[in-house]
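Engineer: This is the content of start01.txt (compact mmCIF, C-alpha atoms):
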# COMPACT_ATOMS: atom_id res chain seq x y z
CA MET A 1 7.30 -19.16 -1.18
CA ARG A 2 9.27 -22.03 -2.72
CA ARG A 3 12.44 -21.01 -4.54
CA ARG A 4 15.90 -22.17 -5.45
CA PRO A 5 18.36 -21.62 -2.58
CA GLY A 6 20.39 -18.48 -3.18
CA SER A 7 17.99 -17.05 -5.77
CA LEU A 8 16.28 -13.74 -5.12
CA VAL A 9 12.64 -12.72 -5.43
CA PRO A 10 12.07 -9.41 -7.28
CA LEU A 11 11.91 -7.27 -4.13
CA GLU A 12 15.10 -8.78 -2.73
CA LEU A 13 16.80 -8.20 -6.06
CA ALA A 14 15.55 -4.59 -6.05
CA ILE A 15 16.93 -4.14 -2.52
CA CYS A 16 20.34 -5.50 -3.57
CA GLN A 17 20.33 -3.26 -6.66
CA ALA A 18 19.41 -0.24 -4.55
CA ALA A 19 22.14 -1.12 -2.06
CA ALA A 20 24.68 -1.38 -4.88
CA ALA A 21 23.50 1.96 -6.30
CA LEU A 22 23.80 3.63 -2.90
CA ARG A 23 27.29 2.20 -2.45
CA ALA A 24 28.27 3.55 -5.88
CA ASP A 25 27.08 6.96 -4.62
CA GLY A 26 29.39 6.64 -1.64
CA HIS A 27 26.89 5.33 0.94
CA ASP A 28 28.42 2.10 2.18
CA GLU A 29 25.78 1.86 4.88
CA PHE A 30 22.12 2.65 4.43
CA HIS A 31 18.93 2.48 6.48
CA GLY A 32 15.52 1.04 5.58
CA TYR A 33 13.93 4.27 4.44
CA GLU A 34 16.89 5.05 2.16
CA ILE A 35 16.43 1.68 0.46
CA ALA A 36 12.67 2.21 0.06
CA LYS A 37 13.30 5.64 -1.43
CA THR A 38 16.00 4.41 -3.82
CA ILE A 39 13.73 1.58 -5.02
CA GLY A 40 10.85 4.05 -5.41
CA ASP A 41 13.02 6.49 -7.40
CA ALA A 42 14.32 3.71 -9.66
CA SER A 43 10.84 2.43 -10.44
CA SER A 44 9.36 5.97 -10.51
CA GLY A 45 6.70 4.63 -8.16
CA ARG A 46 4.91 7.15 -6.01
CA LEU A 47 4.26 4.79 -3.13
CA LEU A 48 7.27 3.46 -1.25
CA THR A 49 7.55 -0.22 -0.38
CA ALA A 50 5.23 -1.05 2.51
CA TYR A 51 6.71 -1.21 6.00
CA GLY A 52 5.94 -4.88 6.55
CA THR A 53 7.11 -5.96 3.10
CA LEU A 54 10.35 -3.98 3.24
CA TYR A 55 11.51 -4.94 6.71
CA ARG A 56 10.54 -8.58 6.27
CA ALA A 57 12.58 -8.72 3.04
CA LEU A 58 15.53 -6.98 4.72
CA GLY A 59 15.36 -9.55 7.52
CA ARG A 60 15.31 -12.40 5.01
CA LEU A 61 18.30 -10.99 3.15
CA GLU A 62 20.21 -10.64 6.38
CA LYS A 63 19.38 -14.22 7.32
CA MET A 64 20.57 -15.35 3.87
CA GLY A 65 23.84 -13.50 4.51
CA MET A 66 23.42 -10.98 1.70
CA LEU A 67 23.09 -8.02 4.04
CA HIS A 68 24.74 -7.23 7.32
CA SER A 69 23.21 -4.80 9.80
CA ARG A 70 24.16 -2.89 12.92
CA TRP A 71 22.54 -0.19 15.01
CA GLU A 72 24.27 3.15 14.79
CA ASP A 73 26.05 4.62 17.78
CA PRO A 74 23.27 5.89 20.13
CA ALA A 75 25.15 9.15 20.63
CA ILE A 76 24.47 10.21 17.03
CA PRO A 77 20.65 10.05 17.09
CA ALA A 78 20.67 11.56 20.58
CA ARG A 79 22.70 14.50 19.24
CA GLU A 80 20.48 14.87 16.16
CA ASN A 81 17.28 14.37 18.16
CA ARG A 82 15.88 11.53 16.06
CA PRO A 83 15.33 7.77 16.43
CA GLY A 84 18.33 5.50 15.92
CA ARG A 85 18.91 3.94 12.50
CA ARG A 86 19.57 0.32 11.69
CA LEU A 87 22.32 0.48 9.12
CA TYR A 88 22.66 -2.22 6.46
CA THR A 89 25.63 -3.16 4.28
CA LEU A 90 25.65 -5.29 1.15
CA THR A 91 27.93 -8.30 1.79
CA ALA A 92 30.10 -10.22 -0.68
CA SER A 93 27.34 -12.87 -0.98
CA GLY A 94 24.87 -10.12 -1.79
CA ASP A 95 27.20 -8.85 -4.50
CA ALA A 96 27.58 -12.36 -5.90
CA ALA A 97 23.80 -12.97 -5.90
CA LEU A 98 23.28 -9.63 -7.61
CA ALA A 99 25.90 -10.41 -10.27
CA GLU A 100 24.31 -13.82 -10.83
CA ALA A 101 20.85 -12.30 -11.16
CA ARG A 102 22.16 -9.71 -13.63
CA ALA A 103 23.88 -12.40 -15.69
CA ALA A 104 20.69 -14.48 -15.76
CA GLU A 105 18.70 -11.41 -16.81
CA ALA A 106 21.17 -10.61 -19.60
CA ALA A 107 21.08 -14.22 -20.83
CA ALA A 108 17.27 -14.16 -20.86
CA ARG A 109 17.36 -10.89 -22.82
CA ARG A 110 19.78 -12.38 -25.37
CA ARG A 111 17.55 -15.45 -25.77
CA THR A 112 14.49 -13.24 -26.33
CA ARG A 113 16.38 -11.10 -28.88
CA ARG A 114 17.54 -14.22 -30.75
CA ARG A 115 13.98 -15.57 -30.80
CA LEU A 116 12.59 -12.29 -32.12
CA ALA A 117 15.34 -11.78 -34.71
CA PRO A 118 14.27 -12.39 -38.34
CA ALA A 119 15.40 -15.77 -39.68
CA MET B 1 1.93 18.56 13.54
CA SER B 2 -1.56 18.24 12.08
CA ARG B 3 -4.14 16.00 13.72
CA THR B 4 -4.36 13.81 10.61
CA LEU B 5 -0.62 13.17 10.61
CA ALA B 6 -0.56 12.55 14.36
CA ALA B 7 -3.42 10.07 13.94
CA ALA B 8 -1.63 8.27 11.08
CA ILE B 9 1.57 7.97 13.13
CA ALA B 10 -0.44 6.71 16.10
CA ILE B 11 -2.16 4.10 13.91
CA VAL B 12 1.17 2.83 12.52
CA ARG B 13 2.69 2.72 16.01
CA GLY B 14 -0.41 1.02 17.41
CA TRP B 15 -0.44 -1.66 14.72
CA THR B 16 3.29 -2.25 15.18
CA ARG B 17 2.79 -2.65 18.94
CA LEU B 18 -0.07 -5.04 18.28
CA TYR B 19 1.67 -7.43 15.89
CA THR B 20 4.92 -7.40 17.84
CA ALA B 21 3.21 -7.96 21.20
CA ARG B 22 4.36 -10.98 23.23
CA LEU B 23 7.24 -11.70 20.92
CA ASP B 24 10.84 -12.28 21.86
CA ARG B 25 12.16 -8.98 23.25
CA SER B 26 14.97 -8.62 20.73
CA ALA B 27 12.71 -9.17 17.66
CA ARG B 28 9.99 -6.95 19.12
CA ASP B 29 12.24 -4.02 20.03
CA THR B 30 14.16 -4.22 16.76
CA ARG B 31 11.02 -4.10 14.63
CA ARG B 32 9.49 -1.27 16.67
CA ALA B 33 12.68 0.77 16.50
CA GLU B 34 12.96 0.23 12.74
CA ILE B 35 9.39 1.37 12.12
CA GLU B 36 9.91 4.36 14.41
CA SER B 37 13.02 5.34 12.47
CA ASP B 38 11.25 4.89 9.12
CA LEU B 39 8.31 7.04 10.28
CA TRP B 40 10.69 9.80 11.29
CA GLU B 41 12.72 9.61 8.06
CA LEU B 42 9.61 9.61 5.87
CA HIS B 43 8.15 12.55 7.76
CA GLU B 44 11.34 14.58 7.59
CA ASP B 45 11.99 13.78 3.93
CA ALA B 46 8.43 14.58 2.86
CA ARG B 47 8.43 17.78 4.94
CA ARG B 48 11.67 18.92 3.29
CA ARG B 49 10.10 18.29 -0.12
CA GLY B 50 7.12 20.44 0.87
CA ALA B 51 4.49 17.69 1.10
CA SER B 52 1.36 18.52 3.04
CA PRO B 53 0.81 16.75 6.40
CA GLU B 54 -2.29 15.09 4.94
CA ALA B 55 -0.31 13.68 2.00
CA ILE B 56 2.33 12.34 4.41
CA ALA B 57 -0.40 10.77 6.56
CA VAL B 58 -2.01 9.07 3.55
CA HIS B 59 1.37 7.77 2.41
CA MET B 60 2.10 6.33 5.86
CA LEU B 61 -1.28 4.64 6.05
CA LEU B 62 -0.97 3.18 2.55
CA ARG B 63 2.46 1.79 3.39
CA LEU B 64 0.95 0.28 6.51
CA VAL B 65 -2.04 -1.28 4.75
CA CYS B 66 0.01 -2.69 1.85
CA GLY B 67 2.29 -4.46 4.30
CA LEU B 68 -0.32 -5.92 6.66
CA VAL B 69 -0.07 -9.44 5.24
CA ASP B 70 3.73 -9.37 5.54
CA ASP B 71 3.45 -8.11 9.12
CA VAL B 72 1.22 -11.04 10.05
CA ALA B 73 3.47 -13.49 8.17
CA TRP B 74 6.54 -12.02 9.90
CA ARG B 75 4.90 -12.52 13.27
CA ALA B 76 4.07 -16.10 12.36
CA GLU B 77 7.72 -16.65 11.44
CA GLN B 78 8.81 -15.26 14.80
CA VAL B 79 6.53 -17.54 16.78
CA ARG B 80 7.43 -20.42 14.45
CA VAL B 81 3.95 -21.27 13.23
CA PRO B 82 4.14 -23.90 10.44
CA PRO B 83 3.74 -22.31 6.99
CA HIS B 84 0.62 -24.32 6.12
CA ILE B 85 -1.14 -22.97 9.22
CA VAL B 86 -0.22 -19.41 8.18
CA LYS B 87 -1.54 -20.08 4.68
CA GLN B 88 -4.79 -21.47 6.04
CA ALA B 89 -5.15 -18.52 8.42
CA LEU B 90 -4.60 -16.02 5.58
CA TRP B 91 -7.20 -17.82 3.43
CA ALA B 92 -9.64 -17.85 6.35
CA ALA B 93 -9.05 -14.13 6.88
CA ALA B 94 -9.66 -13.43 3.19
CA VAL B 95 -12.90 -15.45 3.17
CA ALA B 96 -14.03 -13.80 6.40
CA SER B 97 -13.32 -10.34 4.91
CA ILE B 98 -15.38 -11.12 1.80
CA ALA B 99 -18.22 -12.48 3.96
CA PHE B 100 -18.10 -9.38 6.12
CA VAL B 101 -18.24 -7.03 3.13
CA TRP B 102 -21.11 -9.10 1.71
CA TYR B 103 -23.00 -8.91 5.01
CA LEU B 104 -22.29 -5.19 5.32
CA ALA B 105 -23.66 -4.55 1.82
CA TRP B 106 -26.74 -6.64 2.65
CA ALA B 107 -27.29 -4.76 5.89
CA VAL B 108 -26.76 -1.34 4.40
CA GLN B 109 -29.10 -1.82 1.46
CA GLY B 110 -32.03 -1.66 3.89
CA ILE B 111 -31.18 1.88 4.87
CA GLU B 112 -30.19 2.99 1.41
CA SER B 113 -32.00 6.06 0.26
CA PRO B 114 -34.53 5.19 -2.48
CA HIS B 115 -33.80 8.52 -4.12
CA GLY B 116 -30.03 8.11 -4.12
CA ASP B 117 -28.49 9.15 -7.35
CA GLY B 118 -24.97 8.74 -8.68
CA ILE B 119 -22.83 5.59 -8.50
CA ASN B 120 -23.62 3.35 -5.57
CA VAL B 121 -20.41 1.54 -4.64
CA LEU B 122 -22.32 -1.09 -2.71
CA ARG B 123 -24.11 -2.12 -5.88
CA LEU B 124 -20.75 -3.08 -7.30
CA LEU B 125 -20.10 -5.36 -4.34
CA TYR B 126 -23.51 -6.86 -3.91
CA PRO B 127 -26.32 -7.57 -6.38
CA MET B 128 -28.98 -5.48 -4.71
CA ARG B 129 -32.56 -6.54 -4.39
CA PRO B 130 -35.11 -4.45 -2.54
CA VAL B 131 -35.70 -5.76 0.97
CA VAL B 132 -39.26 -4.47 1.12
CA ASN B 133 -41.42 -4.17 -1.93
CA VAL B 134 -42.40 -0.58 -1.66
CA VAL B 135 -45.61 0.04 -3.52
CA THR B 136 -45.19 3.28 -5.29
CA PRO B 137 -48.42 5.16 -5.94
CA PRO B 138 -49.30 5.80 -9.58
CA PRO B 139 -48.33 9.23 -10.79
CA ARG B 140 -51.02 11.75 -10.16
CA ILE B 141 -52.53 13.23 -13.23
CA ILE B 142 -53.22 16.83 -12.70
CA PHE B 143 -55.80 18.35 -14.95
CA VAL B 144 -55.22 21.94 -15.55
CA LYS B 145 -58.12 24.01 -16.68
CA VAL B 146 -57.14 25.83 -19.77
CA ALA B 147 -59.04 28.98 -20.61
CA ASN B 148 -61.30 28.29 -23.54
CA GLU B 149 -60.48 31.26 -25.59
CA ARG B 150 -60.87 31.30 -29.27
CA PHE B 151 -57.90 32.13 -31.31
CA HIS B 152 -58.33 35.47 -32.96
CA PRO B 153 -56.01 36.01 -35.90
CA PRO B 154 -54.50 39.45 -36.18
CA PRO B 155 -56.51 41.90 -38.30
CA PRO B 156 -55.45 42.08 -41.96
CA PRO B 157 -53.40 45.07 -42.93
CA PRO B 158 -55.44 47.92 -44.42
CA SER B 159 -55.67 47.65 -48.21
CA PRO B 160 -54.06 50.53 -50.04
CA GLN B 161 -56.78 52.73 -51.56
Just give me the structure of the file as structure tokens.
Structural biologist:
Amino acid sequence: MRRRPGSLVPLELAICQAAAALRADGHDEFHGYEIAKTIGDASSGRLLTAYGTLYRALGRLEKMGMLHSRWEDPAIPARENRPGRRLYTLTASGDAALAEARAAEAAARRRTRRRLAPA
Amino acid sequence: MSRTLAAAIAIVRGWTRLYTARLDRSARDTRRAEIESDLWELHEDARRRGASPEAIAVHMLLRLVCGLVDDVAWRAEQVRVPPHIVKQALWAAAVASIAFVWYLAWAVQGIESPHGDGINVLRLLYPMRPVVNVVTPPPRIIFVKVANERFHPPPPPPSPQ
């Protein structure tokens, strides 16, 4: 997909928005399923983002420097008897890209409102 | 765990093993571990919300199917296949899938029941023509012998005297 460097495709934007929402709820770190669930809840979609689509987008965002990831301490999943989680964090670049996308969206909305307003 | 759910998990794991096979160890193990974690989280979350094992299995399979193209594209990125080759491969796969469905519809129409009623999904995919012109016998006219009885009207009521 050809795009402007630094710009986000809708899924990447949704991931950054979900990450920001989770951070506002006090979750600085989140795993893939949490993101899929937050996106699903926000869009009231019944089907969560597909495995391949989600993890490929998370990988892209990490490569672009908008997310940072680490594997949790193996002692925790061993204690809780579950697989280990890859925990993601929204970076400063991710915040900046999100703010830029929101500003662009607001500007587009203003333009549309001005165009629709009676003369 | 129900057999349906176990089968769905096995399918997701199997597909993940397949498309991550022969990749760099770090990329392969990371992707497998992520999918394993997601499967567990989805299962636990859905179970807590009271979803049936069948519903969880369907959800897992749908998430798998919807992401197949991205899985293949991700693999291509890992082995550094040029993007135009990936695009051509995806187009070839799409054309091959359509051809396969077309062939399947053509093959199945031969064994289709002539008395099938209801909506035939294959007819939506393929403009059906009968393979063999089956000569249907003309409808048999059955003559039924009707008793030749004359109609006798009921007797008139007695006149008041």
Engineer: May I ask you to extract the residues of chain A within 9 Å of chain B, using only C-alpha atoms, and to give them as a PDB file with C-alpha atoms, in the coordinates of the input?
Structural biologist:
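Written file, part_5.pdb:
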ATOM      1  CA  HIS A  31      18.930   2.480   6.480  1.00  0.00           C
ATOM      2  CA  GLY A  32      15.520   1.040   5.580  1.00  0.00           C
ATOM      3  CA  TYR A  33      13.930   4.270   4.440  1.00  0.00           C
ATOM      4  CA  GLU A  34      16.890   5.050   2.160  1.00  0.00           C
ATOM      5  CA  LEU A  47       4.260   4.790  -3.130  1.00  0.00           C
ATOM      6  CA  LEU A  48       7.270   3.460  -1.250  1.00  0.00           C
ATOM      7  CA  THR A  49       7.550  -0.220  -0.380  1.00  0.00           C
ATOM      8  CA  ALA A  50       5.230  -1.050   2.510  1.00  0.00           C
ATOM      9  CA  TYR A  51       6.710  -1.210   6.000  1.00  0.00           C
ATOM     10  CA  GLY A  52       5.940  -4.880   6.550  1.00  0.00           C
ATOM     11  CA  THR A  53       7.110  -5.960   3.100  1.00  0.00           C
ATOM     12  CA  LEU A  54      10.350  -3.980   3.240  1.00  0.00           C
ATOM     13  CA  TYR A  55      11.510  -4.940   6.710  1.00  0.00           C
ATOM     14  CA  ARG A  56      10.540  -8.580   6.270  1.00  0.00           C
ATOM     15  CA  ARG A  82      15.880  11.530  16.060  1.00  0.00           C
ATOM     16  CA  PRO A  83      15.330   7.770  16.430  1.00  0.00           C
ATOM     17  CA  GLY A  84      18.330   5.500  15.920  1.00  0.00           C
ATOM     18  CA  ARG A  85      18.910   3.940  12.500  1.00  0.00           C
ATOM     19  CA  ARG A  86      19.570   0.320  11.690  1.00  0.00           C
TER      20      ARG A  86
END
Engineer: Atom CA of Ile9 of chain B to atom CA of Ala46 of chain B: how many Å, to one decimal?
Structural biologist: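 Value for the atom CA of Ile9 of chain B-atom CA of Ala46 of chain B distance: 14.0 Å.
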Engineer: Please determine an axis-aligned box that encloses all atoms of segment 26-34 of chain B listed in the file, with 4 Å added on each side, and express its centre and edge lengths in Å to one decimal as AutoDock Vina command-line options.
Structural biologist:
--center_x 12.2 --center_y -4.2 --center_z 16.7 --size_x 13.5 --size_y 17.9 --size_z 16.0
Engineer: What does the distance from atom CA of Ala97 of chain A to atom CA of Glu62 of chain A come to in Å, to one decimal?
Structural biologist: 13.0 Å
Engineer: For the atom pair atom CA of Val86 of chain B and atom CA of Tyr88 of chain A, what is the interatomic distance in Å to one decimal place?
Structural biologist: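 Distance between the two atoms: 28.7 Å.
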Engineer: Applying 10 Å and only C-alpha atoms, which residues near Asp95 of chain A remain after dropping the ones on its own chain fewer than 3 positions away? List them as a VMD selection string.
Structural biologist: chain A and resid 16 to 17 19 to 20 66 to 67 90 to 92 98 to 101
Engineer: Using only C-alpha atoms, please write the residues we just selected to a file, as a PDB file, in the coordinates of the input.
Structural biologist:
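part_14.pdb, freshly written:
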ATOM      1  CA  CYS A  16      20.340  -5.500  -3.570  1.00  0.00           C
ATOM      2  CA  GLN A  17      20.330  -3.260  -6.660  1.00  0.00           C
ATOM      3  CA  ALA A  19      22.140  -1.120  -2.060  1.00  0.00           C
ATOM      4  CA  ALA A  20      24.680  -1.380  -4.880  1.00  0.00           C
ATOM      5  CA  MET A  66      23.420 -10.980   1.700  1.00  0.00           C
ATOM      6  CA  LEU A  67      23.090  -8.020   4.040  1.00  0.00           C
ATOM      7  CA  LEU A  90      25.650  -5.290   1.150  1.00  0.00           C
ATOM      8  CA  THR A  91      27.930  -8.300   1.790  1.00  0.00           C
ATOM      9  CA  ALA A  92      30.100 -10.220  -0.680  1.00  0.00           C
ATOM     10  CA  LEU A  98      23.280  -9.630  -7.610  1.00  0.00           C
ATOM     11  CA  ALA A  99      25.900 -10.410 -10.270  1.00  0.00           C
ATOM     12  CA  GLU A 100      24.310 -13.820 -10.830  1.00  0.00           C
ATOM     13  CA  ALA A 101      20.850 -12.300 -11.160  1.00  0.00           C
TER      14      ALA A 101
END
Engineer: Taking the structure I provided as the source, export segment 3-35 of chain B with C-alpha atoms, as a PDB file, in the first residue's frame.
Structural biologist:
ATOM      1  CA  ARG B   3     -14.597 -31.073  20.277  1.00  0.00           C
ATOM      2  CA  THR B   4     -15.620 -28.148  18.057  1.00  0.00           C
ATOM      3  CA  LEU B   5     -13.569 -25.690  20.085  1.00  0.00           C
ATOM      4  CA  ALA B   6     -10.598 -28.058  20.241  1.00  0.00           C
ATOM      5  CA  ALA B   7     -10.792 -28.474  16.469  1.00  0.00           C
ATOM      6  CA  ALA B   8     -10.953 -24.691  15.914  1.00  0.00           C
ATOM      7  CA  ILE B   9      -7.908 -24.130  18.133  1.00  0.00           C
ATOM      8  CA  ALA B  10      -6.061 -26.919  16.324  1.00  0.00           C
ATOM      9  CA  ILE B  11      -6.894 -25.359  12.946  1.00  0.00           C
ATOM     10  CA  VAL B  12      -5.636 -21.920  14.032  1.00  0.00           C
ATOM     11  CA  ARG B  13      -2.466 -23.440  15.492  1.00  0.00           C
ATOM     12  CA  GLY B  14      -1.952 -25.591  12.399  1.00  0.00           C
ATOM     13  CA  TRP B  15      -2.324 -22.660  10.019  1.00  0.00           C
ATOM     14  CA  THR B  16       0.025 -20.547  12.148  1.00  0.00           C
ATOM     15  CA  ARG B  17       2.619 -23.335  12.091  1.00  0.00           C
ATOM     16  CA  LEU B  18       2.206 -23.623   8.342  1.00  0.00           C
ATOM     17  CA  TYR B  19       2.678 -19.973   7.402  1.00  0.00           C
ATOM     18  CA  THR B  20       5.490 -19.448   9.885  1.00  0.00           C
ATOM     19  CA  ALA B  21       7.354 -22.602   8.842  1.00  0.00           C
ATOM     20  CA  ARG B  22      10.973 -22.173   7.717  1.00  0.00           C
ATOM     21  CA  LEU B  23      11.091 -18.560   8.767  1.00  0.00           C
ATOM     22  CA  ASP B  24      13.696 -16.872  10.884  1.00  0.00           C
ATOM     23  CA  ARG B  25      13.410 -18.364  14.382  1.00  0.00           C
ATOM     24  CA  SER B  26      12.738 -15.076  16.139  1.00  0.00           C
ATOM     25  CA  ALA B  27       9.902 -14.024  13.766  1.00  0.00           C
ATOM     26  CA  ARG B  28       8.430 -17.532  13.795  1.00  0.00           C
ATOM     27  CA  ASP B  29       8.437 -18.000  17.569  1.00  0.00           C
ATOM     28  CA  THR B  30       7.159 -14.477  18.206  1.00  0.00           C
ATOM     29  CA  ARG B  31       4.189 -14.874  15.875  1.00  0.00           C
ATOM     30  CA  ARG B  32       3.322 -18.329  17.221  1.00  0.00           C
ATOM     31  CA  ALA B  33       3.512 -17.126  20.812  1.00  0.00           C
ATOM     32  CA  GLU B  34       1.339 -14.092  20.034  1.00  0.00           C
ATOM     33  CA  ILE B  35      -1.352 -16.208  18.391  1.00  0.00           C
TER      34      ILE B  35
END
